[in-house]
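Novice: The file below is final_0.pdb, PDB, C-alpha atoms:
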ATOM      1  CA  MET X   1      85.544 -29.440 -18.253
ATOM      2  CA  THR X   2      88.041 -30.096 -21.040
ATOM      3  CA  MET X   3      87.870 -28.739 -24.560
ATOM      4  CA  LYS X   4      87.205 -32.310 -25.713
ATOM      5  CA  ASN X   5      83.945 -32.268 -23.772
ATOM      6  CA  LEU X   6      82.895 -28.995 -25.346
ATOM      7  CA  PHE X   7      83.803 -29.761 -28.943
ATOM      8  CA  ASN X   8      84.473 -32.695 -31.159
ATOM      9  CA  LYS X   9      87.583 -30.967 -32.465
ATOM     10  CA  LYS X  10      88.812 -31.602 -35.958
ATOM     11  CA  VAL X  11      91.178 -29.720 -38.185
ATOM     12  CA  LEU X  12      89.343 -29.276 -41.436
ATOM     13  CA  THR X  13      90.622 -28.390 -44.875
ATOM     14  CA  VAL X  14      87.774 -26.338 -46.283
ATOM     15  CA  ILE X  15      87.215 -25.188 -49.843
ATOM     16  CA  THR X  16      85.932 -21.628 -49.575
ATOM     17  CA  VAL X  17      84.820 -20.787 -53.103
ATOM     18  CA  ALA X  18      82.676 -17.675 -52.965
ATOM     19  CA  SER X  19      80.102 -19.001 -55.434
ATOM     20  CA  LEU X  20      79.518 -22.043 -53.193
ATOM     21  CA  LEU X  21      78.706 -20.050 -50.081
ATOM     22  CA  THR X  22      75.424 -18.376 -49.258
ATOM     23  CA  ALA X  23      75.528 -15.838 -46.465
ATOM     24  CA  ILE X  24      72.717 -15.436 -43.990
ATOM     25  CA  GLY X  25      72.970 -12.111 -42.186
ATOM     26  CA  SER X  26      76.160 -11.066 -43.999
ATOM     27  CA  VAL X  27      78.030 -11.739 -47.238
ATOM     28  CA  VAL X  28      81.136 -13.906 -47.265
ATOM     29  CA  TYR X  29      83.778 -13.678 -49.984
ATOM     30  CA  ALA X  30      86.905 -15.748 -50.411
ATOM     31  CA  ASP X  31      90.022 -13.730 -51.201
ATOM     32  CA  SER X  32      91.465 -16.745 -53.009
ATOM     33  CA  ALA X  33      89.986 -19.886 -54.473
ATOM     34  CA  ILE X  34      91.353 -22.283 -51.878
ATOM     35  CA  LYS X  35      92.299 -21.590 -48.282
ATOM     36  CA  LYS X  36      93.334 -23.934 -45.510
ATOM     37  CA  ILE X  37      91.692 -23.106 -42.202
ATOM     38  CA  SER X  38      91.450 -24.565 -38.698
ATOM     39  CA  ALA X  39      87.951 -24.875 -37.307
ATOM     40  CA  PHE X  40      85.962 -26.677 -34.636
ATOM     41  CA  GLN X  41      83.233 -29.209 -35.356
ATOM     42  CA  ASN X  42      80.630 -28.636 -32.659
ATOM     43  CA  GLY X  43      78.458 -31.659 -31.961
ATOM     44  CA  ASN X  44      76.414 -29.646 -29.463
ATOM     45  CA  ILE X  45      74.837 -27.528 -32.213
ATOM     46  CA  ALA X  46      71.550 -28.852 -33.592
ATOM     47  CA  ILE X  47      69.768 -27.540 -36.689
ATOM     48  CA  GLU X  48      66.004 -27.221 -36.319
ATOM     49  CA  VAL X  49      62.968 -25.776 -38.046
ATOM     50  CA  ASP X  50      59.510 -25.697 -36.556
ATOM     51  CA  GLY X  51      60.877 -27.565 -33.544
ATOM     52  CA  GLN X  52      62.254 -30.508 -35.556
ATOM     53  CA  LYS X  53      65.897 -31.440 -35.992
ATOM     54  CA  ILE X  54      67.678 -32.198 -39.233
ATOM     55  CA  ASN X  55      69.222 -35.659 -39.259
ATOM     56  CA  LEU X  56      72.924 -34.881 -39.816
ATOM     57  CA  SER X  57      74.032 -38.493 -40.288
ATOM     58  CA  SER X  58      75.871 -39.528 -43.433
ATOM     59  CA  GLU X  59      77.827 -42.524 -44.662
ATOM     60  CA  ASP X  60      80.950 -40.872 -43.244
ATOM     61  CA  GLY X  61      79.458 -40.154 -39.826
ATOM     62  CA  MET X  62      77.749 -37.108 -38.352
ATOM     63  CA  LEU X  63      78.182 -33.846 -40.275
ATOM     64  CA  TYR X  64      77.907 -31.422 -37.371
ATOM     65  CA  PRO X  65      78.156 -27.663 -37.961
ATOM     66  CA  ILE X  66      81.612 -26.145 -37.754
ATOM     67  CA  VAL X  67      82.551 -22.943 -35.949
ATOM     68  CA  TYR X  68      85.108 -20.670 -37.617
ATOM     69  CA  GLN X  69      85.991 -17.162 -36.458
ATOM     70  CA  GLY X  70      82.825 -16.864 -34.402
ATOM     71  CA  ARG X  71      80.452 -18.026 -37.137
ATOM     72  CA  SER X  72      78.549 -21.313 -37.404
ATOM     73  CA  TYR X  73      78.664 -23.063 -40.801
ATOM     74  CA  VAL X  74      76.066 -25.707 -41.614
ATOM     75  CA  PRO X  75      75.931 -28.236 -44.504
ATOM     76  CA  ALA X  76      74.249 -26.538 -47.461
ATOM     77  CA  LYS X  77      72.775 -29.779 -48.823
ATOM     78  CA  TYR X  78      70.952 -30.614 -45.580
ATOM     79  CA  VAL X  79      69.469 -27.142 -45.265
ATOM     80  CA  ALA X  80      68.447 -26.840 -48.916
ATOM     81  CA  GLU X  81      66.891 -30.307 -49.236
ATOM     82  CA  SER X  82      64.943 -29.905 -46.025
ATOM     83  CA  LEU X  83      63.319 -26.855 -47.609
ATOM     84  CA  GLY X  84      62.307 -28.859 -50.675
ATOM     85  CA  ALA X  85      65.188 -27.814 -52.928
ATOM     86  CA  ARG X  86      67.252 -30.107 -55.113
ATOM     87  CA  VAL X  87      71.039 -30.095 -54.735
ATOM     88  CA  ASP X  88      73.434 -31.392 -57.389
ATOM     89  CA  TRP X  89      77.185 -31.321 -57.945
ATOM     90  CA  ASP X  90      78.527 -30.352 -61.375
ATOM     91  CA  ASN X  91      82.031 -31.776 -61.296
ATOM     92  CA  LYS X  92      83.001 -30.328 -64.694
ATOM     93  CA  ARG X  93      82.184 -26.740 -63.691
ATOM     94  CA  GLN X  94      82.988 -27.258 -59.971
ATOM     95  CA  VAL X  95      79.612 -25.807 -59.033
ATOM     96  CA  ILE X  96      76.969 -26.861 -56.538
ATOM     97  CA  THR X  97      73.556 -26.151 -58.059
ATOM     98  CA  ILE X  98      70.467 -25.606 -55.922
ATOM     99  CA  ALA X  99      67.043 -25.606 -57.556
ATOM    100  CA  SER X 100      64.448 -24.285 -55.145
ATOM    101  CA  GLY X 101      61.209 -26.125 -54.557
ATOM    102  CA  THR X 102      62.070 -29.162 -56.679
ATOM    103  CA  GLY X 103      63.637 -31.499 -54.172
ATOM    104  CA  ASP X 104      62.252 -34.775 -52.838
ATOM    105  CA  ASN X 105      62.323 -34.449 -49.093
ATOM    106  CA  SER X 106      60.807 -37.901 -48.608
ATOM    107  CA  ALA X 107      64.141 -39.711 -48.792
ATOM    108  CA  ALA X 108      65.039 -41.616 -45.654
ATOM    109  CA  LEU X 109      68.411 -39.891 -45.344
ATOM    110  CA  PRO X 110      70.169 -37.164 -47.309
ATOM    111  CA  LEU X 111      72.687 -38.236 -49.919
ATOM    112  CA  LYS X 112      76.348 -37.687 -49.212
ATOM    113  CA  ASP X 113      77.163 -34.016 -49.776
ATOM    114  CA  GLY X 114      78.419 -33.548 -53.306
ATOM    115  CA  ASN X 115      76.604 -36.593 -54.709
ATOM    116  CA  SER X 116      74.187 -35.744 -57.465
ATOM    117  CA  SER X 117      70.695 -37.121 -57.043
ATOM    118  CA  THR X 118      70.803 -38.031 -60.717
ATOM    119  CA  THR X 119      73.229 -40.215 -62.606
ATOM    120  CA  GLY X 120      75.582 -39.010 -65.300
ATOM    121  CA  SER X 121      78.832 -37.170 -65.926
ATOM    122  CA  ASN X 122      78.273 -34.711 -63.100
ATOM    123  CA  GLN X 123      79.017 -37.289 -60.429
ATOM    124  CA  PRO X 124      82.042 -36.056 -58.455
ATOM    125  CA  SER X 125      85.252 -37.942 -57.910
ATOM    126  CA  SER X 126      86.141 -39.001 -54.379
ATOM    127  CA  ASN X 127      88.287 -35.890 -53.958
ATOM    128  CA  SER X 128      85.494 -33.674 -55.249
ATOM    129  CA  ASN X 129      83.134 -35.268 -52.734
ATOM    130  CA  LYS X 130      85.316 -34.155 -49.872
ATOM    131  CA  ASN X 131      85.569 -30.644 -51.237
ATOM    132  CA  ALA X 132      81.854 -30.367 -51.888
ATOM    133  CA  SER X 133      81.100 -31.617 -48.383
ATOM    134  CA  SER X 134      82.698 -28.489 -47.009
ATOM    135  CA  SER X 135      80.414 -26.115 -48.887
ATOM    136  CA  SER X 136      78.133 -24.456 -46.385
ATOM    137  CA  THR X 137      75.674 -21.789 -45.632
ATOM    138  CA  THR X 138      76.926 -19.503 -42.922
ATOM    139  CA  THR X 139      75.136 -17.566 -40.231
ATOM    140  CA  SER X 140      75.927 -15.834 -36.978
ATOM    141  CA  LYS X 141      73.440 -18.199 -35.344
ATOM    142  CA  PRO X 142      72.855 -21.894 -36.018
ATOM    143  CA  SER X 143      70.484 -22.155 -38.982
ATOM    144  CA  THR X 144      67.104 -23.875 -38.605
ATOM    145  CA  SER X 145      65.921 -26.527 -41.027
ATOM    146  CA  THR X 146      64.708 -30.116 -41.264
ATOM    147  CA  SER X 147      62.708 -32.642 -43.210
ATOM    148  CA  ALA X 148      59.592 -33.949 -41.478
ATOM    149  CA  SER X 149      59.751 -37.093 -43.610
ATOM    150  CA  VAL X 150      63.165 -37.961 -42.147
ATOM    151  CA  ASN X 151      62.913 -37.114 -38.479
ATOM    152  CA  ALA X 152      60.444 -37.709 -35.715
ATOM    153  CA  LYS X 153      59.095 -34.505 -34.263
ATOM    154  CA  SER X 154      61.213 -33.731 -31.208
ATOM    155  CA  PHE X 155      58.645 -32.094 -28.922
ATOM    156  CA  TYR X 156      54.911 -31.510 -28.553
ATOM    157  CA  PRO X 157      52.965 -29.205 -26.235
ATOM    158  CA  LYS X 158      51.199 -31.122 -23.481
ATOM    159  CA  ASN X 159      47.747 -30.421 -24.955
ATOM    160  CA  THR X 160      48.563 -32.115 -28.312
ATOM    161  CA  THR X 161      46.283 -35.068 -29.052
ATOM    162  CA  ALA X 162      47.737 -38.543 -29.455
ATOM    163  CA  GLN X 163      46.128 -38.889 -32.891
ATOM    164  CA  THR X 164      47.834 -35.720 -34.094
ATOM    165  CA  MET X 165      51.195 -36.995 -32.875
ATOM    166  CA  PHE X 166      50.576 -40.391 -34.482
ATOM    167  CA  ASN X 167      49.704 -38.841 -37.850
ATOM    168  CA  ASP X 168      52.591 -36.362 -37.734
ATOM    169  CA  ASN X 169      55.120 -39.154 -37.378
ATOM    170  CA  LYS X 170      53.930 -41.541 -40.088
ATOM    171  CA  ALA X 171      56.490 -40.249 -42.576
ATOM    172  CA  ALA X 172      59.320 -40.485 -40.045
ATOM    173  CA  ALA X 173      58.254 -44.014 -39.107
ATOM    174  CA  LYS X 174      58.213 -45.070 -42.772
ATOM    175  CA  ALA X 175      61.678 -43.605 -43.246
ATOM    176  CA  LEU X 176      63.001 -45.509 -40.234
ATOM    177  CA  ILE X 177      61.320 -48.773 -41.296
ATOM    178  CA  GLY X 178      63.018 -48.334 -44.661
ATOM    179  CA  LEU X 179      66.419 -48.098 -42.958
ATOM    180  CA  TYR X 180      65.436 -51.080 -40.794
ATOM    181  CA  ALA X 181      64.652 -53.169 -43.895
ATOM    182  CA  LYS X 182      67.951 -52.205 -45.503
ATOM    183  CA  ALA X 183      69.789 -53.230 -42.329
ATOM    184  CA  LEU X 184      67.951 -56.547 -42.287
ATOM    185  CA  LYS X 185      69.447 -57.325 -45.688
ATOM    186  CA  SER X 186      72.950 -56.014 -45.038
ATOM    187  CA  LYS X 187      73.270 -56.319 -41.243
ATOM    188  CA  ASP X 188      74.828 -52.856 -41.363
ATOM    189  CA  LEU X 189      73.454 -51.081 -38.304
ATOM    190  CA  THR X 190      75.087 -47.717 -38.997
ATOM    191  CA  GLU X 191      72.232 -45.756 -40.587
ATOM    192  CA  VAL X 192      69.575 -46.756 -38.081
ATOM    193  CA  ASN X 193      71.833 -46.046 -35.107
ATOM    194  CA  ALA X 194      72.701 -42.655 -36.595
ATOM    195  CA  TRP X 195      68.966 -41.919 -36.966
ATOM    196  CA  LEU X 196      68.355 -42.906 -33.355
ATOM    197  CA  LYS X 197      71.249 -40.793 -32.123
ATOM    198  CA  ALA X 198      69.984 -37.779 -34.056
ATOM    199  CA  ASN X 199      66.346 -38.089 -32.969
ATOM    200  CA  ILE X 200      66.071 -39.423 -29.416
ATOM    201  CA  GLN X 201      65.838 -36.587 -26.908
ATOM    202  CA  LYS X 202      67.179 -36.325 -23.377
ATOM    203  CA  ASP X 203      64.867 -36.371 -20.374
ATOM    204  CA  ARG X 204      64.752 -33.762 -17.621
ATOM    205  CA  TYR X 205      67.766 -35.411 -15.963
ATOM    206  CA  ASP X 206      69.874 -35.274 -19.134
ATOM    207  CA  ASN X 207      69.546 -39.006 -19.847
ATOM    208  CA  ASP X 208      68.260 -40.668 -22.977
ATOM    209  CA  ALA X 209      67.157 -44.130 -24.141
ATOM    210  CA  TYR X 210      69.465 -44.382 -27.145
ATOM    211  CA  ASP X 211      71.176 -47.524 -25.810
ATOM    212  CA  HIS X 212      67.827 -49.257 -25.183
ATOM    213  CA  SER X 213      66.558 -48.329 -28.635
ATOM    214  CA  SER X 214      69.760 -49.435 -30.340
ATOM    215  CA  SER X 215      69.690 -52.715 -28.423
ATOM    216  CA  SER X 216      66.068 -53.320 -29.476
ATOM    217  CA  PHE X 217      67.095 -52.731 -33.087
ATOM    218  CA  LYS X 218      70.040 -55.151 -32.959
ATOM    219  CA  ASP X 219      67.975 -57.836 -31.224
ATOM    220  CA  SER X 220      65.242 -57.566 -33.859
ATOM    221  CA  ILE X 221      67.728 -57.887 -36.723
ATOM    222  CA  ASP X 222      69.282 -60.949 -35.063
ATOM    223  CA  ASP X 223      65.882 -62.547 -34.418
ATOM    224  CA  TYR X 224      64.664 -62.106 -38.003
ATOM    225  CA  ARG X 225      67.870 -63.609 -39.367
ATOM    226  CA  LYS X 226      67.711 -66.496 -36.892
ATOM    227  CA  TYR X 227      64.050 -67.472 -37.148
ATOM    228  CA  TYR X 228      63.440 -66.596 -40.802
ATOM    229  CA  GLU X 229      66.774 -67.636 -42.267
ATOM    230  CA  ASP X 230      65.240 -68.460 -45.649
ATOM    231  CA  GLU X 231      62.778 -65.597 -45.808
ATOM    232  CA  TYR X 232      64.281 -62.520 -44.169
ATOM    233  CA  ILE X 233      65.683 -61.150 -47.447
ATOM    234  CA  SER X 234      62.260 -61.357 -49.085
ATOM    235  CA  PHE X 235      60.742 -59.786 -45.949
ATOM    236  CA  ALA X 236      63.099 -56.833 -46.317
ATOM    237  CA  ASP X 237      62.309 -56.480 -50.021
ATOM    238  CA  ASN X 238      58.570 -56.687 -49.314
ATOM    239  CA  ALA X 239      58.898 -54.011 -46.642
ATOM    240  CA  LEU X 240      60.679 -51.667 -49.056
ATOM    241  CA  ALA X 241      58.051 -52.348 -51.719
ATOM    242  CA  ALA X 242      55.239 -51.589 -49.267
ATOM    243  CA  LEU X 243      56.920 -48.337 -48.271
ATOM    244  CA  ALA X 244      57.396 -47.371 -51.914
ATOM    245  CA  ALA X 245      53.659 -47.892 -52.373
ATOM    246  CA  ASN X 246      53.027 -45.840 -49.227
ATOM    247  CA  ASN X 247      51.333 -48.815 -47.558
ATOM    248  CA  LEU X 248      51.533 -48.814 -43.785
ATOM    249  CA  SER X 249      49.677 -51.760 -42.276
ATOM    250  CA  SER X 250      46.207 -51.264 -40.855
ATOM    251  CA  LYS X 251      47.730 -52.628 -37.634
ATOM    252  CA  SER X 252      49.494 -49.303 -37.177
ATOM    253  CA  LYS X 253      47.789 -47.520 -34.290
ATOM    254  CA  VAL X 254      47.946 -45.440 -31.130
ATOM    255  CA  ASN X 255      48.994 -48.029 -28.542
ATOM    256  CA  MET X 256      48.880 -45.828 -25.445
ATOM    257  CA  ASP X 257      47.324 -42.449 -24.789
ATOM    258  CA  GLU X 258      48.076 -41.511 -21.202
ATOM    259  CA  GLU X 259      49.025 -38.246 -19.586
ATOM    260  CA  ARG X 260      52.680 -39.191 -19.104
ATOM    261  CA  THR X 261      53.245 -41.405 -22.164
ATOM    262  CA  LYS X 262      52.109 -41.551 -25.785
ATOM    263  CA  TRP X 263      52.975 -44.764 -27.628
ATOM    264  CA  PHE X 264      52.506 -45.307 -31.366
ATOM    265  CA  GLU X 265      52.932 -48.461 -33.457
ATOM    266  CA  TYR X 266      53.806 -48.408 -37.171
ATOM    267  CA  TYR X 267      54.001 -51.583 -39.296
ATOM    268  CA  VAL X 268      54.282 -52.879 -42.840
ATOM    269  CA  GLU X 269      53.205 -56.330 -44.013
ATOM    270  CA  VAL X 270      56.187 -58.395 -45.180
ATOM    271  CA  SER X 271      55.300 -62.100 -45.403
ATOM    272  CA  ASP X 272      54.523 -63.868 -48.654
ATOM    273  CA  LYS X 273      51.874 -66.499 -49.386
ATOM    274  CA  TYR X 274      54.040 -69.310 -47.990
ATOM    275  CA  VAL X 275      54.483 -67.777 -44.534
ATOM    276  CA  SER X 276      51.935 -66.846 -41.887
ATOM    277  CA  PRO X 277      51.281 -63.094 -41.720
ATOM    278  CA  VAL X 278      54.374 -61.242 -40.539
ATOM    279  CA  THR X 279      54.905 -57.539 -40.010
ATOM    280  CA  ILE X 280      57.976 -55.481 -39.254
ATOM    281  CA  GLY X 281      57.749 -52.087 -37.683
ATOM    282  CA  VAL X 282      58.720 -49.551 -35.079
ATOM    283  CA  ASP X 283      57.095 -48.080 -31.997
ATOM    284  CA  PHE X 284      57.605 -44.398 -31.170
ATOM    285  CA  LEU X 285      57.332 -43.362 -27.537
ATOM    286  CA  TYR X 286      56.839 -39.811 -26.277
ATOM    287  CA  SER X 287      57.198 -39.007 -22.579
ATOM    288  CA  ILE X 288      56.232 -35.930 -20.622
ATOM    289  CA  ASN X 289      58.946 -33.601 -19.371
ATOM    290  CA  GLU X 290      57.428 -31.994 -16.308
ATOM    291  CA  ASP X 291      59.953 -29.141 -16.318
ATOM    292  CA  THR X 292      58.968 -27.950 -19.785
ATOM    293  CA  ASN X 293      55.421 -29.382 -19.815
ATOM    294  CA  GLN X 294      56.109 -30.933 -23.221
ATOM    295  CA  TYR X 295      56.209 -34.435 -24.638
ATOM    296  CA  TYR X 296      59.635 -35.353 -25.978
ATOM    297  CA  PHE X 297      60.620 -38.152 -28.385
ATOM    298  CA  SER X 298      62.031 -40.606 -25.881
ATOM    299  CA  GLN X 299      62.441 -44.125 -27.317
ATOM    300  CA  VAL X 300      62.037 -46.471 -30.300
ATOM    301  CA  ILE X 301      61.131 -50.161 -30.095
ATOM    302  CA  PHE X 302      61.702 -52.403 -33.124
ATOM    303  CA  HIS X 303      59.561 -55.403 -34.098
TER     304      HIS X 303
END
For the file at hand, write its structure as structure tokens.
Specialist:
Amino acid sequence: MTMKNLFNKKVLTVITVASLLTAIGSVVYADSAIKKISAFQNGNIAIEVDGQKINLSSEDGMLYPIVYQGRSYVPAKYVAESLGARVDWDNKRQVITIASGTGDNSAALPLKDGNSSTTGSNQPSSNSNKNASSSSTTTSKPSTSTSASVNAKSFYPKNTTAQTMFNDNKAAAKALIGLYAKALKSKDLTEVNAWLKANIQKDRYDNDAYDHSSSSFKDSIDDYRKYYEDEYISFADNALAALAANNLSSKSKVNMDEERTKWFEYYVEVSDKYVSPVTIGVDFLYSINEDTNQYYFSQVIFH
């Protein structure tokens, strides 16, 4: 096996300002303000809390943890926001501020590291963005953290009821439908595909249904644009408005409750008074892994 298979290797220029690093298990200090280092970005490392993975996708691609001198560094923004904190970048003072317990972890995806969640003079320049993206928490083991409103729950014990699984994933489904609606307007498939890549789990034979889920997504986008050429923009806007009002359709339901498969449907109403009732939504499928005796998040179908 080649090193390429083990690591997605990148040479990173990292800003190691001591005040921007929080140590877990040990304290890290920088002996100078800026140091150039060589590190590995390890796409095999996941970040989880309570069995759920953080979605590490960003507008620049996946922000996997990096490994430097035997330690794993994870994006501070992702970890902090998943714990309910608010993260901002003060460009004037060159400081990342973290306010505990004040964050909104209902956003569909984290902002780009370094971007303030508020507007104003503290917005970083493009160069500051890159520097702030390198700020990390560090630990001798991969840290564990996530936002339940962003990600589907990865696994469930076999004795979990279908209704519990359905209710647990409402927030994740709303987040994904929001990305779906945005893609319907822009035809930019990047965010949804990144969500799918981050969430869909492998089966007992190390295969996954990412390609099928991504294909279902693309086909749905194409169909809406083809058959509702005059209305699909308003459909997308109506979907986003329904999500903002926290209004999942009453058609959302447990579709299948069998021993090997749990299947859940989530919808929002999108048609206006001039069009027959139309919904857009996603189906979440969980399948049993007989080796672990758990249900795993196996596929998404788009409607």
Novice: Of the candidates X:Met256, X:Leu176, X:Thr160, X:Asn167, which one gets nearest to Tyr295 in chain X if we count all atoms listed in the file?
Specialist: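 Ranking X:Met256, X:Leu176, X:Thr160, X:Asn167 by distance to Tyr295 in chain X, first place goes to X:Thr160.
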Novice: Selected by the PyMOL selection byres ((chain X and resi 199) around 12) in the shown coordinates: which residues, as number ranges by chain?
Specialist: X: 46-48, 51-57, 146, 148, 150-155, 172-173, 176, 192-198, 200-202, 208-210, 213, 284-286, 296-300
Novice: Could you write out as a list in words the residues that the PyMOL selection byres ((chain X and resi 66) around 6) matches in the shown file?
Specialist: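 So the PyMOL selection byres ((chain X and resi 66) around 6), applied here, picks out Phe40, Gln41, Asn42, Pro65, Val67, Ser72 and Tyr73 of chain X.
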Novice: For Tyr267 in chain X, find every residue with an atom within 7 Å (counting all atoms listed in the file), except residues of its own chain fewer than 4 positions away, and show them as an NGL selection string.
Specialist: :X and (248-249 or 251-252 or 279-282)
Novice: With C-alpha atoms kept, could you save the residues just selected as a PDB file, in the frame of the given file?
Specialist:
ATOM      1  CA  LEU X 248      51.533 -48.814 -43.785  1.00  0.00           C
ATOM      2  CA  SER X 249      49.677 -51.760 -42.276  1.00  0.00           C
ATOM      3  CA  LYS X 251      47.730 -52.628 -37.634  1.00  0.00           C
ATOM      4  CA  SER X 252      49.494 -49.303 -37.177  1.00  0.00           C
ATOM      5  CA  THR X 279      54.905 -57.539 -40.010  1.00  0.00           C
ATOM      6  CA  ILE X 280      57.976 -55.481 -39.254  1.00  0.00           C
ATOM      7  CA  GLY X 281      57.749 -52.087 -37.683  1.00  0.00           C
ATOM      8  CA  VAL X 282      58.720 -49.551 -35.079  1.00  0.00           C
TER       9      VAL X 282
END
Novice: Work out how far CA of Pro157 in chain X is from CA of Glu259 in chain X, in Å to one decimal.
Specialist: 11.9 Å
Novice: Restricting the calculation to only C-alpha atoms: of X:Gln163, X:Asp203, X:Lys170, X:Leu240, which residue gets closest to Ala183 in chain X?
Specialist: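 Ranking X:Gln163, X:Asp203, X:Lys170, X:Leu240 by distance to Ala183 in chain X, first place goes to X:Leu240.
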Novice: Work out how far CA of Val254 in chain X is from CA of Glu191 in chain X, in Å to one decimal.
Specialist: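 One can read the CA of Glu191 in chain X to CA of Val254 in chain X distance as 26.1 Å.
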Novice: May I ask for the distance between CA of Ala80 in chain X and CA of Asp188 in chain X, given in Å to one decimal place?
Specialist: 27.8 Å
Novice: Hey, what comes out of the PyMOL selection byres ((chain X and resi 237) around 12) on this file? Could you write it as a PyMOL selection string?
Specialist: chain X and resi 177-186+231-236+238-244+268-272+280
Novice: So which one's closest to Arg71 in chain X, X:Phe217, X:Ser276, X:Ala245, X:Ala39? Using all atoms listed in the file, please.
Specialist: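 Closest candidate: X:Ala39.
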Novice: From the options X:Ile98, X:Ile288, X:Ala85, X:Ile221, which residue's atoms come nearest to Phe302 in chain X, counting all atoms listed in the file?
Specialist: X:Ile221
Novice: Counting all atoms listed in the file, which of X:His303, X:Ile45, X:Asn289, X:Arg93 gets nearest to Asp206 in chain X?
Specialist: X:Asn289
Novice: Draw an axis-aligned box over all listed atoms of range 167-183 of chain X, pad each side with 4 Å, and write its centre and edge lengths in Å, one decimal, as AutoDock Vina command-line options.
Specialist:
--center_x 59.7 --center_y -44.8 --center_z -41.4 --size_x 28.1 --size_y 24.9 --size_z 16.1
